[in-house]
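This is structure.csv (CSV, C-alpha atoms).
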chain,number,residue,atom,x,y,z
A,15,MET,CA,-2.8,-130.7,-139.7
A,16,ILE,CA,0.8,-130.1,-138.6
A,17,PHE,CA,1.6,-126.6,-137.3
A,18,THR,CA,4.7,-124.9,-136.2
A,19,LEU,CA,4.6,-121.8,-134.1
A,20,GLY,CA,7.2,-119.9,-132.2
A,21,ILE,CA,9.6,-117.1,-131.7
A,22,ASN,CA,13.3,-116.9,-132.6
A,23,HIS,CA,16.3,-114.7,-133.0
A,24,HIS,CA,15.0,-113.5,-136.4
A,25,SER,CA,11.6,-112.4,-135.1
A,26,ALA,CA,12.3,-111.2,-131.6
A,27,PRO,CA,15.0,-109.6,-129.4
A,28,LEU,CA,16.5,-111.5,-126.4
A,29,ALA,CA,14.3,-109.6,-123.9
A,30,ILE,CA,11.2,-111.1,-125.5
A,31,ARG,CA,12.7,-114.6,-126.2
A,32,GLU,CA,13.6,-115.1,-122.6
A,33,ARG,CA,10.1,-114.5,-121.4
A,34,VAL,CA,8.7,-117.6,-123.3
A,35,ALA,CA,11.7,-120.0,-122.9
A,36,PHE,CA,11.2,-123.4,-121.4
A,37,GLY,CA,13.8,-124.8,-119.0
A,38,ALA,CA,14.6,-128.5,-119.4
A,39,GLU,CA,13.2,-129.2,-116.0
A,40,LYS,CA,9.8,-127.7,-117.0
A,41,LEU,CA,9.5,-129.2,-120.5
A,42,GLN,CA,7.6,-132.4,-119.6
A,43,HIS,CA,5.2,-130.6,-117.4
A,44,ALA,CA,4.5,-128.1,-120.2
A,45,LEU,CA,3.9,-130.9,-122.7
A,46,ALA,CA,1.5,-132.6,-120.4
A,47,ASP,CA,-0.3,-129.3,-119.5
A,48,LEU,CA,-0.7,-128.4,-123.2
A,49,THR,CA,-2.2,-131.7,-124.3
A,50,ARG,CA,-4.4,-132.0,-121.2
A,51,SER,CA,-5.9,-128.5,-121.4
A,52,GLN,CA,-6.1,-128.0,-125.2
A,53,PRO,CA,-7.4,-130.0,-128.2
A,54,VAL,CA,-3.8,-130.8,-129.3
A,55,ARG,CA,-3.2,-134.4,-130.4
A,56,GLU,CA,0.6,-134.4,-130.7
A,57,VAL,CA,3.2,-131.8,-129.6
A,58,ALA,CA,6.9,-131.3,-129.1
A,59,ILE,CA,8.6,-128.2,-127.8
A,60,LEU,CA,12.1,-127.0,-128.9
A,61,SER,CA,13.5,-124.4,-126.6
A,62,THR,CA,17.0,-123.1,-127.0
A,63,CYS,CA,18.8,-119.8,-126.4
A,64,ASN,CA,17.8,-118.7,-129.9
A,65,ARG,CA,14.3,-120.0,-130.2
A,66,THR,CA,11.1,-121.4,-128.6
A,67,GLU,CA,9.1,-123.4,-131.1
A,68,ILE,CA,6.0,-125.7,-130.6
A,69,TYR,CA,5.5,-128.4,-133.2
A,70,CYS,CA,2.0,-129.8,-133.0
A,71,SER,CA,-0.8,-131.7,-134.7
A,72,ALA,CA,-4.0,-129.7,-134.1
A,73,GLU,CA,-7.0,-128.1,-135.8
A,74,THR,CA,-5.7,-124.6,-135.3
A,75,PRO,CA,-2.6,-122.9,-133.8
A,76,GLU,CA,-4.6,-120.2,-132.0
A,77,VAL,CA,-5.3,-122.3,-128.9
A,78,VAL,CA,-1.6,-123.1,-128.6
A,79,ILE,CA,-0.7,-119.4,-128.8
A,80,ASP,CA,-3.2,-118.6,-126.1
A,81,TRP,CA,-1.7,-121.5,-124.0
A,82,LEU,CA,1.9,-120.3,-124.5
A,83,ALA,CA,1.0,-116.8,-123.2
A,84,ARG,CA,-1.0,-118.1,-120.3
A,85,TYR,CA,1.7,-120.7,-119.3
A,86,HIS,CA,4.4,-118.0,-119.1
A,87,GLY,CA,2.1,-115.4,-117.5
A,88,VAL,CA,2.4,-112.9,-120.3
A,89,GLU,CA,-0.3,-111.1,-122.3
A,90,ARG,CA,-0.8,-112.5,-125.7
A,91,SER,CA,-0.6,-109.0,-127.2
A,92,GLU,CA,2.9,-108.7,-125.8
A,93,ILE,CA,4.3,-111.6,-127.7
A,94,ALA,CA,1.9,-111.8,-130.7
A,95,PRO,CA,3.9,-109.3,-132.9
A,96,TYR,CA,7.0,-111.5,-132.6
A,97,LEU,CA,5.3,-114.9,-133.2
A,98,TYR,CA,5.3,-116.8,-136.5
A,99,THR,CA,3.0,-119.7,-137.4
A,100,HIS,CA,3.5,-122.2,-140.2
A,101,ASP,CA,1.0,-124.8,-141.5
A,102,GLN,CA,1.7,-127.4,-144.2
A,103,PRO,CA,3.8,-127.5,-146.2
A,104,GLU,CA,5.7,-124.5,-144.7
A,105,ALA,CA,5.7,-126.2,-141.2
A,106,ILE,CA,7.5,-129.2,-142.8
A,107,ARG,CA,10.0,-127.1,-144.6
A,108,HIS,CA,10.7,-125.1,-141.4
A,109,ALA,CA,11.4,-128.3,-139.4
A,110,PHE,CA,13.8,-129.5,-142.1
A,111,ARG,CA,15.6,-126.1,-142.2
A,112,VAL,CA,16.0,-125.9,-138.4
A,113,ALA,CA,17.4,-129.4,-138.2
A,114,SER,CA,19.9,-128.6,-141.0
A,115,GLY,CA,21.1,-125.5,-139.4
A,116,LEU,CA,19.7,-123.1,-142.1
A,117,ASP,CA,17.6,-121.2,-139.6
A,118,SER,CA,20.3,-120.9,-137.0
A,119,MET,CA,22.1,-117.7,-135.8
A,120,VAL,CA,25.2,-119.4,-137.1
A,121,ILE,CA,24.3,-120.9,-140.5
A,122,GLY,CA,25.1,-124.6,-140.6
A,123,GLU,CA,25.9,-125.0,-136.9
A,124,PRO,CA,25.4,-128.6,-135.7
A,125,GLN,CA,24.3,-128.0,-132.2
A,126,ILE,CA,20.7,-127.4,-133.1
A,127,LEU,CA,20.3,-131.0,-134.3
A,128,GLY,CA,21.2,-132.4,-130.9
A,129,GLN,CA,18.8,-129.9,-129.3
A,130,MET,CA,16.0,-131.0,-131.6
A,131,LYS,CA,16.7,-134.7,-130.7
A,132,ASP,CA,16.5,-133.8,-127.0
A,133,ALA,CA,13.1,-132.1,-127.7
A,134,VAL,CA,11.8,-135.3,-129.5
A,135,ARG,CA,13.1,-137.5,-126.6
A,136,ALA,CA,11.2,-135.3,-124.1
A,137,ALA,CA,8.0,-135.6,-126.1
A,138,GLU,CA,8.4,-139.3,-126.4
A,139,GLU,CA,8.9,-139.7,-122.7
A,140,SER,CA,5.8,-137.5,-122.1
A,141,GLY,CA,3.7,-139.5,-124.5
A,142,THR,CA,2.9,-136.5,-126.7
A,143,LEU,CA,4.7,-137.6,-129.9
A,144,GLY,CA,2.3,-139.3,-132.2
A,145,SER,CA,2.9,-140.9,-135.6
A,146,GLN,CA,2.8,-137.7,-137.6
A,147,LEU,CA,5.4,-135.8,-135.6
A,148,HIS,CA,7.5,-138.9,-135.1
A,149,LYS,CA,7.8,-139.2,-138.8
A,150,LEU,CA,8.3,-135.5,-139.3
A,151,PHE,CA,11.3,-135.4,-136.9
A,152,GLN,CA,12.8,-138.6,-138.2
A,153,ARG,CA,12.7,-137.1,-141.7
A,154,SER,CA,14.1,-133.9,-140.4
A,155,PHE,CA,17.1,-135.8,-139.0
A,156,SER,CA,17.6,-137.6,-142.3
A,157,VAL,CA,17.4,-134.4,-144.2
A,158,ALA,CA,20.0,-132.8,-141.9
A,159,LYS,CA,22.3,-135.7,-142.5
A,160,GLU,CA,21.9,-135.4,-146.3
A,161,VAL,CA,22.5,-131.7,-146.3
A,162,ARG,CA,25.7,-132.0,-144.2
A,163,SER,CA,27.0,-134.9,-146.3
A,164,THR,CA,26.3,-133.5,-149.7
A,165,THR,CA,26.9,-129.7,-149.3
A,166,ALA,CA,29.6,-127.6,-147.7
A,167,ILE,CA,27.1,-126.0,-145.2
A,168,GLY,CA,29.2,-127.0,-142.2
A,169,ALA,CA,32.6,-126.2,-143.7
A,170,ASN,CA,34.8,-123.7,-141.7
A,171,ILE,CA,31.9,-123.0,-139.4
A,172,VAL,CA,32.2,-120.2,-136.9
A,173,SER,CA,30.6,-121.3,-133.7
A,174,MET,CA,29.2,-119.2,-130.9
A,175,ALA,CA,32.0,-120.5,-128.7
A,176,ALA,CA,34.7,-119.5,-131.2
A,177,ALA,CA,33.0,-116.1,-131.5
A,178,GLY,CA,33.3,-115.7,-127.7
A,179,VAL,CA,37.1,-116.3,-127.9
A,180,HIS,CA,37.4,-113.8,-130.8
A,181,LEU,CA,35.7,-111.1,-128.7
A,182,ALA,CA,37.8,-111.9,-125.7
A,183,GLU,CA,40.9,-111.4,-127.8
A,184,ARG,CA,39.7,-107.9,-128.6
A,185,ILE,CA,39.8,-107.0,-124.9
A,186,PHE,CA,42.9,-109.0,-123.8
A,187,GLU,CA,46.1,-109.2,-125.7
A,188,SER,CA,46.3,-112.9,-124.8
A,189,VAL,CA,43.6,-115.2,-123.4
A,190,GLY,CA,46.4,-117.4,-122.3
A,191,GLU,CA,47.3,-114.9,-119.6
A,192,GLN,CA,43.7,-114.7,-118.1
A,193,ARG,CA,41.7,-116.6,-115.5
A,194,ILE,CA,38.4,-118.0,-116.8
A,195,LEU,CA,35.3,-118.8,-114.9
A,196,PHE,CA,32.7,-121.0,-116.6
A,197,ILE,CA,29.2,-121.0,-115.0
A,198,GLY,CA,27.2,-124.2,-115.8
A,199,ALA,CA,28.3,-127.5,-117.1
A,200,GLY,CA,26.0,-128.2,-120.0
A,201,GLU,CA,26.8,-128.7,-123.7
A,202,MET,CA,27.3,-125.0,-124.5
A,203,ILE,CA,29.7,-124.5,-121.6
A,204,GLU,CA,31.6,-127.7,-122.7
A,205,LEU,CA,32.0,-126.2,-126.2
A,206,CYS,CA,33.1,-122.8,-124.8
A,207,ALA,CA,35.6,-124.5,-122.5
A,208,ALA,CA,37.1,-126.5,-125.4
A,209,HIS,CA,37.6,-123.3,-127.4
A,210,PHE,CA,38.8,-121.0,-124.5
A,211,CYS,CA,41.1,-123.7,-123.0
A,212,ALA,CA,42.8,-124.3,-126.3
A,213,ARG,CA,44.4,-120.9,-125.5
A,214,GLN,CA,45.8,-122.4,-122.3
A,215,PRO,CA,44.6,-119.9,-119.8
A,216,LYS,CA,46.2,-119.3,-116.4
A,217,GLN,CA,43.3,-120.7,-114.5
A,218,VAL,CA,40.0,-122.5,-115.1
A,219,THR,CA,37.1,-122.6,-112.7
A,220,ILE,CA,33.8,-124.3,-113.2
A,221,ALA,CA,30.8,-123.1,-111.1
A,222,ASN,CA,27.8,-125.4,-111.2
A,223,ARG,CA,24.8,-126.2,-109.1
A,224,THR,CA,25.9,-129.9,-108.9
A,225,LEU,CA,29.5,-129.9,-107.7
A,226,GLU,CA,30.2,-133.4,-108.9
A,227,ARG,CA,29.3,-132.6,-112.5
A,228,GLY,CA,31.4,-129.4,-112.3
A,229,ARG,CA,34.4,-131.3,-111.1
A,230,ALA,CA,34.1,-133.8,-114.0
A,231,LEU,CA,34.3,-130.9,-116.5
A,232,ALA,CA,37.0,-129.1,-114.5
A,233,GLU,CA,39.3,-132.2,-114.4
A,234,ARG,CA,39.5,-132.2,-118.2
A,235,TYR,CA,41.2,-128.8,-118.1
A,236,ASN,CA,43.2,-129.1,-114.9
A,237,GLY,CA,40.7,-126.7,-113.3
A,238,THR,CA,38.8,-126.5,-110.0
A,239,ALA,CA,35.1,-126.6,-109.3
A,240,ILE,CA,32.9,-124.4,-107.0
A,241,ARG,CA,29.2,-124.3,-106.1
A,242,LEU,CA,27.0,-121.6,-107.6
A,243,ASP,CA,26.4,-120.1,-104.1
A,244,GLU,CA,30.2,-119.4,-103.9
A,245,LEU,CA,30.2,-117.1,-107.0
A,246,GLY,CA,30.3,-114.0,-104.9
A,247,GLU,CA,33.5,-115.0,-103.2
A,248,HIS,CA,35.3,-116.0,-106.4
A,249,LEU,CA,34.1,-113.7,-109.1
A,250,ALA,CA,36.7,-111.0,-108.6
A,251,GLN,CA,39.5,-113.5,-109.2
A,252,HIS,CA,38.5,-114.1,-112.8
A,253,ASP,CA,39.1,-112.0,-115.9
A,254,ILE,CA,36.8,-113.9,-118.2
A,255,VAL,CA,33.3,-115.2,-117.2
A,256,VAL,CA,31.2,-117.4,-119.5
A,257,SER,CA,27.8,-118.3,-118.3
A,258,CYS,CA,25.1,-120.6,-119.6
A,259,THR,CA,22.7,-122.2,-117.1
A,260,ALA,CA,19.0,-123.1,-117.1
A,261,SER,CA,18.2,-120.7,-114.2
A,262,PRO,CA,14.9,-118.9,-114.7
A,263,LEU,CA,16.4,-115.8,-112.9
A,264,PRO,CA,19.7,-114.0,-113.1
A,265,ILE,CA,22.4,-115.6,-110.9
A,266,ILE,CA,24.9,-112.7,-111.2
A,267,GLY,CA,23.4,-109.4,-110.2
A,268,LEU,CA,24.7,-105.8,-110.6
A,269,GLY,CA,25.7,-105.5,-106.9
A,270,MET,CA,27.8,-108.7,-107.1
A,271,VAL,CA,29.7,-107.5,-110.2
A,272,GLU,CA,30.2,-104.0,-108.7
A,273,ARG,CA,31.9,-105.5,-105.7
A,274,ALA,CA,34.0,-107.7,-107.9
A,275,VAL,CA,35.2,-104.8,-110.1
A,276,LYS,CA,36.1,-102.8,-107.0
A,277,ALA,CA,38.1,-105.7,-105.6
A,278,ARG,CA,39.9,-106.0,-109.0
A,279,ARG,CA,40.8,-102.3,-108.8
A,280,HIS,CA,38.9,-101.7,-112.0
A,281,ARG,CA,40.9,-104.1,-114.1
A,282,PRO,CA,38.6,-105.0,-117.1
A,283,MET,CA,36.3,-108.0,-116.9
A,284,PHE,CA,35.0,-109.8,-120.0
A,285,MET,CA,31.6,-111.5,-119.6
A,286,VAL,CA,29.6,-113.7,-122.0
A,287,ASP,CA,26.0,-114.6,-121.2
A,288,LEU,CA,24.8,-117.4,-123.4
A,289,ALA,CA,21.7,-118.2,-121.3
A,290,VAL,CA,18.1,-117.5,-122.1
A,291,PRO,CA,16.7,-116.3,-119.8
A,292,ARG,CA,19.8,-114.3,-119.0
A,293,ASP,CA,22.2,-115.4,-116.2
A,294,ILE,CA,23.7,-111.9,-115.8
A,295,GLU,CA,21.6,-108.8,-115.2
A,296,GLU,CA,21.5,-106.6,-118.2
A,297,GLU,CA,22.5,-103.5,-116.2
A,298,VAL,CA,26.0,-105.1,-115.6
A,299,GLY,CA,26.8,-104.2,-119.1
A,300,GLU,CA,26.6,-100.5,-118.2
A,301,LEU,CA,29.6,-100.7,-115.8
A,302,ASP,CA,32.7,-99.0,-117.2
A,303,ASP,CA,35.1,-101.8,-116.6
A,304,VAL,CA,32.8,-104.7,-117.7
A,305,PHE,CA,32.4,-105.9,-121.3
A,306,LEU,CA,29.2,-107.9,-121.3
A,307,TYR,CA,28.0,-109.8,-124.5
A,308,SER,CA,24.8,-111.7,-125.0
A,309,VAL,CA,23.9,-114.3,-127.6
A,310,ASP,CA,22.6,-111.6,-129.9
A,311,ASP,CA,25.9,-109.7,-129.6
A,312,LEU,CA,27.9,-112.8,-130.6
A,313,ALA,CA,25.6,-113.2,-133.7
A,314,GLN,CA,27.1,-110.0,-135.2
A,315,VAL,CA,30.6,-111.6,-135.0
A,316,VAL,CA,29.6,-114.7,-136.9
A,317,GLU,CA,27.6,-112.8,-139.5
A,318,SER,CA,30.7,-112.0,-141.5
A,319,GLY,CA,31.1,-115.7,-142.4
A,320,LEU,CA,27.7,-115.9,-144.0
A,321,GLU,CA,28.6,-115.0,-147.5
A,322,SER,CA,31.1,-117.8,-147.9
A,323,ARG,CA,28.3,-120.3,-147.1
A,324,GLN,CA,25.6,-118.9,-149.4
A,325,ALA,CA,26.3,-121.4,-152.3
A,326,ALA,CA,25.9,-124.3,-149.9
A,327,VAL,CA,22.7,-122.8,-148.5
A,328,VAL,CA,21.2,-122.7,-152.1
A,329,GLU,CA,22.1,-126.4,-152.5
A,330,ALA,CA,20.7,-127.3,-149.1
A,331,GLU,CA,17.4,-125.4,-149.9
A,332,ASP,CA,17.0,-127.5,-153.1
A,333,ILE,CA,17.4,-130.7,-151.1
A,334,ILE,CA,14.9,-129.5,-148.5
A,335,ALA,CA,12.3,-128.6,-151.2
A,336,ALA,CA,12.5,-132.1,-152.6
A,337,ARG,CA,12.2,-133.8,-149.2
A,338,VAL,CA,9.2,-131.6,-148.3
A,339,ARG,CA,7.4,-132.9,-151.4
A,340,ASP,CA,8.3,-136.4,-150.4
A,341,PHE,CA,6.9,-135.9,-146.9
A,342,GLN,CA,3.7,-134.3,-148.2
A,343,ALA,CA,3.2,-137.4,-150.4
A,344,TRP,CA,3.5,-139.6,-147.4
A,345,LEU,CA,1.0,-137.5,-145.5
A,346,GLN,CA,-1.5,-137.7,-148.4
A,347,ALA,CA,-0.9,-141.4,-148.7
A,348,ARG,CA,-2.0,-141.7,-145.1
A,349,ASP,CA,-5.4,-140.2,-146.1
A,350,THR,CA,-6.1,-143.2,-148.4
A,351,VAL,CA,-5.3,-145.8,-145.7
A,352,PRO,CA,-8.9,-146.0,-144.4
A,353,VAL,CA,-10.2,-146.5,-147.9
A,354,ILE,CA,-7.6,-149.1,-148.7
A,355,ARG,CA,-8.3,-150.9,-145.5
A,356,SER,CA,-12.1,-150.9,-146.1
A,357,LEU,CA,-11.5,-152.2,-149.7
A,358,ARG,CA,-9.3,-155.1,-148.4
A,359,ASP,CA,-11.8,-155.9,-145.7
A,360,SER,CA,-14.6,-156.1,-148.2
A,361,ALA,CA,-12.6,-158.3,-150.5
A,362,GLU,CA,-11.6,-160.5,-147.6
A,363,ARG,CA,-15.3,-161.0,-146.6
A,364,MET,CA,-16.2,-162.0,-150.2
A,365,ARG,CA,-13.2,-164.4,-150.3
A,366,ARG,CA,-14.2,-166.1,-147.0
A,367,HIS,CA,-17.8,-166.4,-148.0
A,368,GLU,CA,-17.0,-168.0,-151.4
A,369,MET,CA,-14.4,-170.3,-149.8
A,370,GLU,CA,-17.0,-171.6,-147.3
A,371,HIS,CA,-19.4,-172.1,-150.2
A,372,ALA,CA,-16.7,-174.0,-152.2
A,373,MET,CA,-15.8,-176.2,-149.2
A,374,LYS,CA,-19.5,-177.2,-148.8
A,375,LEU,CA,-19.6,-178.3,-152.5
A,376,LEU,CA,-16.5,-180.3,-152.1
A,377,ALA,CA,-17.9,-182.0,-149.0
A,378,LYS,CA,-20.9,-183.0,-151.1
A,379,GLY,CA,-18.6,-184.8,-153.5
A,380,GLU,CA,-18.7,-182.2,-156.3
A,381,PRO,CA,-15.7,-182.5,-158.7
A,382,ALA,CA,-12.8,-180.3,-157.6
A,383,ASP,CA,-12.2,-178.8,-161.1
A,384,LYS,CA,-15.9,-177.7,-161.3
A,385,VAL,CA,-15.8,-176.3,-157.8
A,386,LEU,CA,-12.7,-174.2,-158.6
A,387,GLU,CA,-14.3,-172.9,-161.8
A,388,HIS,CA,-17.4,-172.0,-159.9
A,389,LEU,CA,-15.4,-170.3,-157.2
A,390,SER,CA,-13.4,-168.2,-159.6
A,391,HIS,CA,-16.5,-167.1,-161.5
A,392,ARG,CA,-18.4,-166.1,-158.3
A,393,LEU,CA,-15.4,-164.2,-157.0
A,394,THR,CA,-14.9,-162.3,-160.2
A,395,ASN,CA,-18.6,-161.4,-160.3
A,396,LYS,CA,-18.7,-160.2,-156.7
A,397,PHE,CA,-15.4,-158.2,-157.0
A,398,LEU,CA,-16.7,-156.4,-160.1
A,399,HIS,CA,-20.4,-156.0,-159.3
A,400,THR,CA,-20.2,-152.7,-157.5
A,401,PRO,CA,-17.7,-150.9,-159.9
A,402,THR,CA,-19.7,-152.2,-162.9
A,403,GLN,CA,-23.0,-151.0,-161.5
A,404,ALA,CA,-21.4,-147.6,-160.7
A,405,LEU,CA,-20.3,-147.2,-164.3
A,406,ASN,CA,-23.7,-148.3,-165.7
A,407,LEU,CA,-25.7,-145.9,-163.5
A,408,ALA,CA,-23.4,-142.9,-163.9
A,409,ASP,CA,-24.3,-139.9,-166.1
A,410,ASP,CA,-22.1,-138.8,-169.0
A,411,VAL,CA,-19.8,-136.5,-167.0
A,412,GLU,CA,-19.4,-138.8,-164.0
A,413,ARG,CA,-19.0,-141.9,-166.3
A,414,ASN,CA,-15.9,-140.3,-167.9
A,415,ASP,CA,-14.3,-139.7,-164.5
A,416,LEU,CA,-15.1,-143.2,-163.3
A,417,GLN,CA,-13.7,-144.7,-166.5
A,418,SER,CA,-10.5,-142.8,-166.1
A,419,ALA,CA,-10.3,-143.9,-162.4
A,420,ALA,CA,-11.0,-147.6,-163.3
A,421,SER,CA,-8.3,-147.5,-166.0
A,422,ARG,CA,-5.8,-146.3,-163.4
A,423,LEU,CA,-6.9,-148.5,-160.6
A,424,PHE,CA,-7.0,-151.7,-162.6
A,425,GLY,CA,-4.1,-150.9,-165.0
A,426,LEU,CA,-6.4,-151.0,-168.1
A,427,HIS,CA,-5.3,-149.9,-171.6
A,428,ALA,CA,-7.2,-149.0,-174.7
A,429,GLY,CA,-8.4,-152.1,-176.4
A,430,ASP,CA,-8.2,-154.3,-173.3
Structure encoded using structure tokens:
Amino acid sequence: MIFTLGINHHSAPLAIRERVAFGAEKLQHALADLTRSQPVREVAILSTCNRTEIYCSAETPEVVIDWLARYHGVERSEIAPYLYTHDQPEAIRHAFRVASGLDSMVIGEPQILGQMKDAVRAAEESGTLGSQLHKLFQRSFSVAKEVRSTTAIGANIVSMAAAGVHLAERIFESVGEQRILFIGAGEMIELCAAHFCARQPKQVTIANRTLERGRALAERYNGTAIRLDELGEHLAQHDIVVSCTASPLPIIGLGMVERAVKARRHRPMFMVDLAVPRDIEEEVGELDDVFLYSVDDLAQVVESGLESRQAAVVEAEDIIAARVRDFQAWLQARDTVPVIRSLRDSAERMRRHEMEHAMKLLAKGEPADKVLEHLSHRLTNKFLHTPTQALNLADDVERNDLQSAASRLFGLHAGD
């Protein structure tokens, strides 16, 4: 049975989501730990700023929920009210909706598809992606492509990065007059840099744990790169700070920002924290001269564009419903594979046996036409002996069922 269980921006606030997030560097360890310690045959973990979801093939999701709480060192009772679980077919539908961007904070956003592919790649490398989940994710990617190519779900999309620029322009008359510090160098920071730097800011700085990667991004925008441990020295020089790293703990604390605000002589500072867990301590938002926004805050900005995409959502849901039925049919067909294999093996044994018998007759000098006639009769009798016997021995009710099944299996029609 395929299960999906998790927690997302619909079910839980950021303070809860960040407690069960998986950093990229911990993902393979987590996958190995789950499959080693629990009766879970296949598993993939999707962990982003908006969701942590576990896709698995298991008897029950309960053991996975217990593992999730234990792995993150939280009581199950603390996260249980925020968790959702789906089994078939809802688990299939959920995967298709997530890949298509229908379950995202920004409806139709394309970034989730890449994140899901990263999750699949990690599961493949860890050896935890079996045939069922592999097929599920490949179908999810195919459905996402169909939804995007046949509906307007991605038209005029308002991204989280664009929402950040929009909020900054509420604080500053012109982003082009400001100095911007980006913390991190991942995909989300690259998106934000593209949007903010389109306004041609005065200065761009990239702070990253790996200086070389930070420089590579900074060079695109004629900026400079610094190390994360230099943040305290440079923070006061920047008007806008956008952070998104994989750090398990905040990298900008209240004291660091207080010193920066004092050095800035209380000029306003706009800060966007897109990380889960948070990069910037929550208390920073209480300072008078700091405007701090989290991923949940940005969601309110993009919500206004939802109505214009509702027609496309309806079309997308219809596509997904049809593809869920297709996938269920594939799963059900897999259940018949052992029977089909057994049937073919039985027929093959009969064929080999009769071929050996026929070859012996030919070796004795029997006429070939008689041997072939004999072979065909013996094969026909052997193939039909068991189903004929079952029909003859069945009672009235069972016989009707068997007759209907025989008609379907052998393509029989009335009067044949």
If you count all atoms listed in the file, which residues fall within 8 Å of segment 154-165 of chain A, apart from same-chain ones fewer than 4 positions away, as number ranges by chain? A: 109-110, 113-115, 127, 150, 326, 329-330, 333-334, 337
Select, from A:Pro95, A:Glu295, A:Val271, A:Arg33, the residue with the minimum atom-to-atom distance to Ala83 of chain A, counting all atoms listed in the file. A:Arg33
Closest to Gly269 of chain A among A:Ala175, A:Leu301, A:Leu288, A:Ala38, using all atoms listed in the file? A:Leu301
Give the answer as one residue: which of A:Leu195, A:Met15, A:Leu116, A:Cys63 has the shortest atom-to-atom distance to His100 of chain A, using all atoms listed in the file?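 Smallest separation from His100 of chain A among the options: A:Met15.
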All residues 8 Å or closer to Glu32 of chain A, all atoms listed in the file, same chain fewer than 4 positions away omitted, as an MDAnalysis selection string: chainID A and resid 28 63 290:292
To one decimal in Å, tell me the separation between atom CA of Glu204 of chain A and atom CA of Gly190 of chain A. 18.0 Å
As an exercise, work out the distance from atom CA of Cys258 of chain A to atom CA of Asn222 of chain A in Å and give it to one decimal place. 10.0 Å
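Going from atom CA of Arg227 of chain A over to atom CA of Ala260 of chain A, you cover 14.7 Å.
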Which residues come within 12 Å of segment 371-376 of chain A, counting all atoms listed in the file, excluding same-chain residues fewer than 4 positions away, as a PDB file with C-alpha atoms, keeping the file's coordinate frame?
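Dumped everything to result-v4.pdb:
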ATOM      1  CA  MET A 364     -16.200-162.000-150.200  1.00  0.00           C
ATOM      2  CA  ARG A 365     -13.200-164.400-150.300  1.00  0.00           C
ATOM      3  CA  ARG A 366     -14.200-166.100-147.000  1.00  0.00           C
ATOM      4  CA  HIS A 367     -17.800-166.400-148.000  1.00  0.00           C
ATOM      5  CA  GLU A 380     -18.700-182.200-156.300  1.00  0.00           C
ATOM      6  CA  PRO A 381     -15.700-182.500-158.700  1.00  0.00           C
ATOM      7  CA  ALA A 382     -12.800-180.300-157.600  1.00  0.00           C
ATOM      8  CA  ASP A 383     -12.200-178.800-161.100  1.00  0.00           C
ATOM      9  CA  LYS A 384     -15.900-177.700-161.300  1.00  0.00           C
ATOM     10  CA  VAL A 385     -15.800-176.300-157.800  1.00  0.00           C
ATOM     11  CA  LEU A 386     -12.700-174.200-158.600  1.00  0.00           C
ATOM     12  CA  GLU A 387     -14.300-172.900-161.800  1.00  0.00           C
ATOM     13  CA  HIS A 388     -17.400-172.000-159.900  1.00  0.00           C
ATOM     14  CA  LEU A 389     -15.400-170.300-157.200  1.00  0.00           C
ATOM     15  CA  SER A 390     -13.400-168.200-159.600  1.00  0.00           C
ATOM     16  CA  HIS A 391     -16.500-167.100-161.500  1.00  0.00           C
ATOM     17  CA  ARG A 392     -18.400-166.100-158.300  1.00  0.00           C
ATOM     18  CA  LEU A 393     -15.400-164.200-157.000  1.00  0.00           C
TER      19      LEU A 393
END
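Taking all atoms listed in the file into account, Tyr96 of chain A lies nearest to A:His24 out of the set A:Ile68, A:His24, A:Ala133, A:Pro124.
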Distance query 9 Å from (33.0, -124.7, -107.5) using only C-alpha atoms, result as an mmCIF file with C-alpha atoms, keeping the file's coordinate frame:
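Written output follows (point-v6.cif):
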data_model
loop_
_atom_site.group_PDB
_atom_site.id
_atom_site.type_symbol
_atom_site.label_atom_id
_atom_site.label_comp_id
_atom_site.auth_asym_id
_atom_site.auth_seq_id
_atom_site.Cartn_x
_atom_site.Cartn_y
_atom_site.Cartn_z
ATOM 1 C CA THR A 219 37.100 -122.600 -112.700
ATOM 2 C CA ILE A 220 33.800 -124.300 -113.200
ATOM 3 C CA ALA A 221 30.800 -123.100 -111.100
ATOM 4 C CA ASN A 222 27.800 -125.400 -111.200
ATOM 5 C CA ARG A 223 24.800 -126.200 -109.100
ATOM 6 C CA THR A 224 25.900 -129.900 -108.900
ATOM 7 C CA LEU A 225 29.500 -129.900 -107.700
ATOM 8 C CA GLY A 228 31.400 -129.400 -112.300
ATOM 9 C CA ARG A 229 34.400 -131.300 -111.100
ATOM 10 C CA THR A 238 38.800 -126.500 -110.000
ATOM 11 C CA ALA A 239 35.100 -126.600 -109.300
ATOM 12 C CA ILE A 240 32.900 -124.400 -107.000
ATOM 13 C CA ARG A 241 29.200 -124.300 -106.100
ATOM 14 C CA LEU A 242 27.000 -121.600 -107.600
ATOM 15 C CA ASP A 243 26.400 -120.100 -104.100
ATOM 16 C CA GLU A 244 30.200 -119.400 -103.900
ATOM 17 C CA LEU A 245 30.200 -117.100 -107.000
#
Rank nothing, just name the residue among A:Leu416, A:Leu60, A:Cys70, A:Ile93 nearest to Leu143 of chain A, using all atoms listed in the file. A:Cys70
Given all atoms listed in the file as the basis, pick out the residue of A:Gln192, A:Ser421, A:Ser51, A:Asn64 nearest to Ser308 of chain A. A:Asn64
For Val88 of chain A, find every residue with an atom within 10 Å (counting all atoms listed in the file), except residues of its own chain fewer than 6 positions away, and show them as a list in words.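 Non-adjacent residues within range: Arg33, Val34, Asp80 and Leu82 of chain A.
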Go ahead and save the picked residues with C-alpha atoms, as a PDB file, in the frame of the given file.
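Output saved as result.pdb:
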ATOM      1  CA  ARG A  33      10.100-114.500-121.400  1.00  0.00           C
ATOM      2  CA  VAL A  34       8.700-117.600-123.300  1.00  0.00           C
ATOM      3  CA  ASP A  80      -3.200-118.600-126.100  1.00  0.00           C
ATOM      4  CA  LEU A  82       1.900-120.300-124.500  1.00  0.00           C
TER       5      LEU A  82
END
